[in-house]
Amino acid sequence: MGEDVRAGRERGADIGALPGPLVTAAWLAARLGAPGLLVLDASVGAHRGSGTRIAGAGVFDIDGALSDPAAPVPHTMPDAARFTDGMRALGLNDADTVVVYDAAGIYSSARAWWMLRAMGFDRAAVLDGGLPAWTAAGLPVDEGAPGPVPVRGDFTARPRPGLLVDAGTVAEALADPDAAVLDARTRGRFEGTEPEPRAGLRGGHMPGAVSLPFGRLQDEGRMLPPDELRAAFAGAAGDRERLYFSCGSGVTACVLALGAELAGYRGTAVYDGSWSEWGQPSQDRPVVTGPGGR
C-alpha cells in the first residue's frame with residue numbers, strides 16, 4: 001500500500017461531498033486512503049493486464065464477477081443478490097463513497113458508475129482521465145494484484161428500474177418521436193462498413209438510431225466541458241431530451257450516459273444487451289446500414 005494511502009487513513013481525511021459524477025486526479029489524491037473512500041479499477045479486456053493500479057484500489061470486475069455469468073451476451077448486469085455479494089466482497093458499505101477508473105482513460109469506468117447508480121448507490125464518481133491521468137501526475141500506484149479485502153462491506157443493492165433497459169423498450173423508443181437512441185460505437189461499425197469484433201453479429205444499426213461515437217465526448221481521455229457535451233448531444237438528438245444509449249455490449253454506452261449527466265440531461269437509460277443482443281441474426285430484429293439517423 002502506498003504511503004499516501006497510509007497517511008490518509010492515519011489522518012482521517014475528510015472525503016466531503018462528491019463534486020459530481022466526475023472527479024479529478026487532484027481531488028482523489030487529496031483524499032486517497034481516507035476512511036469511507038473505496039477506489040476501484042473497472043478496466044476490461046486488454047486494459048486489465050496493465051499490472052499497475054492506483055494505490056489501494058480494488059478491482060471492479062466487469063469481465064467476471066460483476067456480470068451475469070448465465071446471460072447469453074457479455075457484460076450483462078447481474079441480479080441484485082449477485083451484485084450485492086460482489087460489492088460486499090470488495091468491502092463496500094452503504095455509507096461509503098466510490099471512485100471508479102480504468103486504464104484506458106474513460107472507457108469501462110463509466111459502466112461501473114452506471115451499474116452502481118442502477119443498483120441504488122449514488123455516492124460514486126468516475127476519475128476523469130483514468131489511470132493515464134493519475135500516472136501522468138506522478139501519483140502513487142501499486143503493482144500487481146490487490147490483496148484480499150480484510151472486512152466484507154454491508155452494501156445492499158436497491159435496484160432502480162429504468163436505468164438499464166431491454167430490447168423491447170429500445171424498440172418502443174425508436175418509434176417515439178420524442179426519444180432518441182444514440183449508438184456509441186464507431187461510425188464504421190454503425191454504418192456497417194467495419195466488421196463487428198464479436199463473431200456472428202450483423203453489421204449496421206437499429207433503424208432510427210443515431211451515431212454518436214463515445215470518443216466524440218472526450219479530449220485525450222477526459223470528458224469535454226458541459227457546454228461542449230450539450231452541443232454534441234444536441235447535434236445528434238436535436239431537442240429531444242429522452243435519450244437511450246447503446247453500444248457493443250453496454251459498456252461505452254455508459255460513457256454517453258455519463259456525458260449526458262454532465263450536460264444536464266435527465267431521464268436517460270442504457271440498453272444493457274446493446275448490439276451484442278440486437279445484432280444477433282437469431283434476434284430477428286431490424287438492422288440497416290449506411291448513415292442512419294432521423
# chains A, B, ... in the order shown; residues from 1 in each chain; ligands from 1

call {"tool": "residues_around", "arguments": {"residues": "Thr156 in chain A", "least_positions_apart": "6", "cutoff": "12 Å", "atoms": "only C-alpha atoms", "output": "number ranges by chain"}}
result
A: 79-89, 91-96, 116, 119-121

call {"tool": "select_by_dssp", "arguments": {"residues": "range 70-265 of chain A", "states": "helix (DSSP H, G or I)", "output": "PyMOL selection string"}}
result
chain A and resi 80-89+109-118+130-136+167-174+187-191+214-217+226-237+253-262

call {"tool": "closest_atom_pairs", "arguments": {"of": "range 75-180 of chain A", "to": "range 226-239 of chain A", "cutoff": "9 Å", "atoms": "only C-alpha atoms", "output": "Markdown table"}}
result
| residue | atom | partner | partner_atom | distance |
| --- | --- | --- | --- | --- |
| A:Asp178 | CA | A:Asp239 | CA | 8.6 |
| A:Ala179 | CA | A:Ala237 | CA | 8.2 |
| A:Ala180 | CA | A:Ala237 | CA | 5.9 |

call {"tool": "closest_residue", "arguments": {"among": "A:Pro21, A:Gly259, A:Gly279, A:Gly58", "to": "Glu143 in chain A", "atoms": "only C-alpha atoms"}}
result
A:Gly58

call {"tool": "select_by_dssp", "arguments": {"residues": "range 34-256 of chain A", "states": "strand (DSSP E)", "output": "JSON, numbers by chain"}}
result
{"A": [37, 38, 39, 40, 41, 52, 53, 54, 58, 59, 97, 98, 99, 100, 101, 124, 125, 126, 127, 141, 142, 143, 164, 165, 179, 180, 181, 182, 183, 210, 211, 218, 219, 222, 223, 242, 243, 244, 245, 246]}

call {"tool": "residues_around", "arguments": {"residues": "Val100 in chain A", "least_positions_apart": "5", "cutoff": "12 Å", "atoms": "only C-alpha atoms", "output": "PyMOL selection string"}}
result
chain A and resi 21-25+28+37-43+53-54+57-62+105-116+123-131

call {"tool": "write_last_selection", "arguments": {"atoms": "N, CA and C atoms", "output": "CSV table (one decimal), in the first residue's frame"}}
result
chain,number,residue,atom,x,y,z
A,21,PRO,N,-20.6,13.6,-10.8
A,21,PRO,CA,-20.2,12.3,-11.3
A,21,PRO,C,-18.8,12.1,-11.8
A,22,LEU,N,-18.1,13.2,-11.8
A,22,LEU,CA,-16.7,13.2,-12.4
A,22,LEU,C,-15.8,13.9,-11.4
A,23,VAL,N,-14.7,13.2,-11.0
A,23,VAL,CA,-13.7,13.9,-10.1
A,23,VAL,C,-12.3,13.9,-10.8
A,24,THR,N,-11.5,14.8,-10.4
A,24,THR,CA,-10.1,15.0,-11.0
A,24,THR,C,-9.2,14.1,-10.2
A,25,ALA,N,-8.0,13.9,-10.8
A,25,ALA,CA,-6.9,13.2,-10.1
A,25,ALA,C,-6.5,14.0,-8.8
A,28,LEU,N,-9.1,13.3,-6.0
A,28,LEU,CA,-8.9,12.0,-5.4
A,28,LEU,C,-7.6,11.9,-4.6
A,37,LEU,N,-13.7,5.8,1.8
A,37,LEU,CA,-13.5,6.0,0.3
A,37,LEU,C,-13.0,4.7,-0.3
A,38,LEU,N,-13.7,4.2,-1.3
A,38,LEU,CA,-13.3,3.0,-1.9
A,38,LEU,C,-12.9,3.3,-3.4
A,39,VAL,N,-11.7,3.0,-3.8
A,39,VAL,CA,-11.3,3.3,-5.2
A,39,VAL,C,-11.2,1.9,-5.9
A,40,LEU,N,-11.8,1.9,-7.1
A,40,LEU,CA,-12.0,0.6,-7.8
A,40,LEU,C,-11.5,0.7,-9.3
A,41,ASP,N,-10.7,-0.2,-9.7
A,41,ASP,CA,-10.3,-0.3,-11.1
A,41,ASP,C,-11.3,-1.1,-11.9
A,42,ALA,N,-12.0,-0.5,-12.8
A,42,ALA,CA,-13.0,-1.2,-13.6
A,42,ALA,C,-12.5,-1.5,-15.0
A,43,SER,N,-11.3,-1.6,-15.3
A,43,SER,CA,-10.7,-1.9,-16.6
A,43,SER,C,-11.3,-3.2,-17.1
A,53,ARG,N,-2.0,-0.2,-10.6
A,53,ARG,CA,-3.2,0.2,-10.0
A,53,ARG,C,-3.0,1.5,-9.2
A,54,ILE,N,-4.0,2.3,-9.1
A,54,ILE,CA,-3.9,3.4,-8.1
A,54,ILE,C,-3.7,2.8,-6.7
A,57,ALA,N,-6.3,0.5,-4.6
A,57,ALA,CA,-7.5,0.2,-5.4
A,57,ALA,C,-7.8,-1.3,-5.4
A,58,GLY,N,-9.1,-1.6,-5.4
A,58,GLY,CA,-9.6,-2.9,-5.6
A,58,GLY,C,-10.0,-3.1,-7.1
A,59,VAL,N,-10.6,-4.2,-7.4
A,59,VAL,CA,-11.0,-4.5,-8.8
A,59,VAL,C,-12.5,-4.7,-9.0
A,60,PHE,N,-13.1,-3.8,-9.8
A,60,PHE,CA,-14.5,-3.9,-10.1
A,60,PHE,C,-14.5,-4.7,-11.4
A,61,ASP,N,-14.8,-6.0,-11.3
A,61,ASP,CA,-14.6,-7.0,-12.4
A,61,ASP,C,-15.8,-7.1,-13.3
A,62,ILE,N,-15.9,-6.2,-14.3
A,62,ILE,CA,-17.0,-6.2,-15.3
A,62,ILE,C,-16.9,-7.4,-16.2
A,105,GLY,N,-8.6,5.5,-19.8
A,105,GLY,CA,-8.9,6.9,-19.7
A,105,GLY,C,-10.3,6.9,-19.1
A,106,ILE,N,-11.3,7.1,-19.9
A,106,ILE,CA,-12.7,6.8,-19.5
A,106,ILE,C,-13.3,5.9,-20.6
A,107,TYR,N,-13.5,4.7,-20.3
A,107,TYR,CA,-14.0,3.7,-21.2
A,107,TYR,C,-15.0,2.8,-20.4
A,108,SER,N,-14.5,1.9,-19.6
A,108,SER,CA,-15.4,1.0,-18.9
A,108,SER,C,-15.7,1.5,-17.5
A,109,SER,N,-15.0,2.5,-17.0
A,109,SER,CA,-15.3,3.0,-15.6
A,109,SER,C,-16.7,3.6,-15.6
A,110,ALA,N,-17.1,4.2,-16.7
A,110,ALA,CA,-18.5,4.7,-16.7
A,110,ALA,C,-19.5,3.6,-16.6
A,111,ARG,N,-19.2,2.5,-17.1
A,111,ARG,CA,-20.1,1.3,-16.9
A,111,ARG,C,-20.3,1.0,-15.4
A,112,ALA,N,-19.2,0.9,-14.7
A,112,ALA,CA,-19.2,0.6,-13.3
A,112,ALA,C,-20.0,1.7,-12.5
A,113,TRP,N,-19.8,3.0,-12.9
A,113,TRP,CA,-20.6,4.1,-12.3
A,113,TRP,C,-22.1,3.9,-12.5
A,114,TRP,N,-22.4,3.6,-13.8
A,114,TRP,CA,-23.8,3.4,-14.1
A,114,TRP,C,-24.5,2.2,-13.4
A,115,MET,N,-23.7,1.1,-13.3
A,115,MET,CA,-24.2,-0.1,-12.6
A,115,MET,C,-24.5,0.3,-11.1
A,116,LEU,N,-23.6,1.0,-10.5
A,116,LEU,CA,-23.8,1.4,-9.1
A,116,LEU,C,-25.1,2.2,-9.0
A,123,ARG,N,-23.4,7.6,-4.3
A,123,ARG,CA,-22.1,8.2,-4.0
A,123,ARG,C,-21.0,7.6,-4.7
A,124,ALA,N,-21.0,7.7,-6.0
A,124,ALA,CA,-20.0,7.2,-6.9
A,124,ALA,C,-19.6,8.2,-8.0
A,125,ALA,N,-18.4,8.2,-8.4
A,125,ALA,CA,-17.9,9.1,-9.4
A,125,ALA,C,-16.8,8.4,-10.3
A,126,VAL,N,-16.6,8.9,-11.4
A,126,VAL,CA,-15.6,8.4,-12.4
A,126,VAL,C,-14.4,9.4,-12.3
A,127,LEU,N,-13.2,8.8,-12.3
A,127,LEU,CA,-12.0,9.6,-12.3
A,127,LEU,C,-11.7,10.1,-13.8
A,128,ASP,N,-11.7,11.4,-13.9
A,128,ASP,CA,-11.5,12.0,-15.3
A,128,ASP,C,-10.1,11.7,-15.7
A,129,GLY,N,-10.0,11.1,-16.9
A,129,GLY,CA,-8.7,10.7,-17.5
A,129,GLY,C,-8.2,9.4,-17.0
A,130,GLY,N,-8.8,8.8,-16.0
A,130,GLY,CA,-8.5,7.4,-15.5
A,130,GLY,C,-7.0,7.3,-15.1
A,131,LEU,N,-6.5,6.1,-15.2
A,131,LEU,CA,-5.2,5.7,-14.8
A,131,LEU,C,-4.1,6.6,-15.5

call {"tool": "residues_around", "arguments": {"residues": "range 240-250 of chain A", "least_positions_apart": "2", "cutoff": "7 Å", "atoms": "only C-alpha atoms", "output": "list in words"}}
result
Pro74, His75, Asp178, Ala179, Ala180, Val181, Leu182, Asp183, Ala184, Arg185, Ala237, Gly238, Thr252, Ala253, Cys254, Leu256, Ala257, Tyr265, Gly267, Thr268, Ala269, Val270, Tyr271, Asp272, Gly273, Ser274, Trp275 and Ser276 of chain A

call {"tool": "closest_residue", "arguments": {"among": "A:Pro286, A:Gly221, A:Pro146, A:Pro197", "to": "Gly51 in chain A", "atoms": "only C-alpha atoms"}}
result
A:Pro146

call {"tool": "closest_residue", "arguments": {"among": "A:Arg158, A:Val251, A:Val149, A:Leu32", "to": "Val44 in chain A", "atoms": "only C-alpha atoms"}}
result
A:Val251

call {"tool": "residues_around", "arguments": {"residues": "Gln280 in chain A", "least_positions_apart": "4", "cutoff": "7 Å", "atoms": "only C-alpha atoms", "output": "NGL selection string"}}
result
:A and (200-202 or 276)

call {"tool": "atom_distance", "arguments": {"atom1": "CA of Asp102 in chain A", "atom2": "CA of His47 in chain A"}}
result
7.7 Å
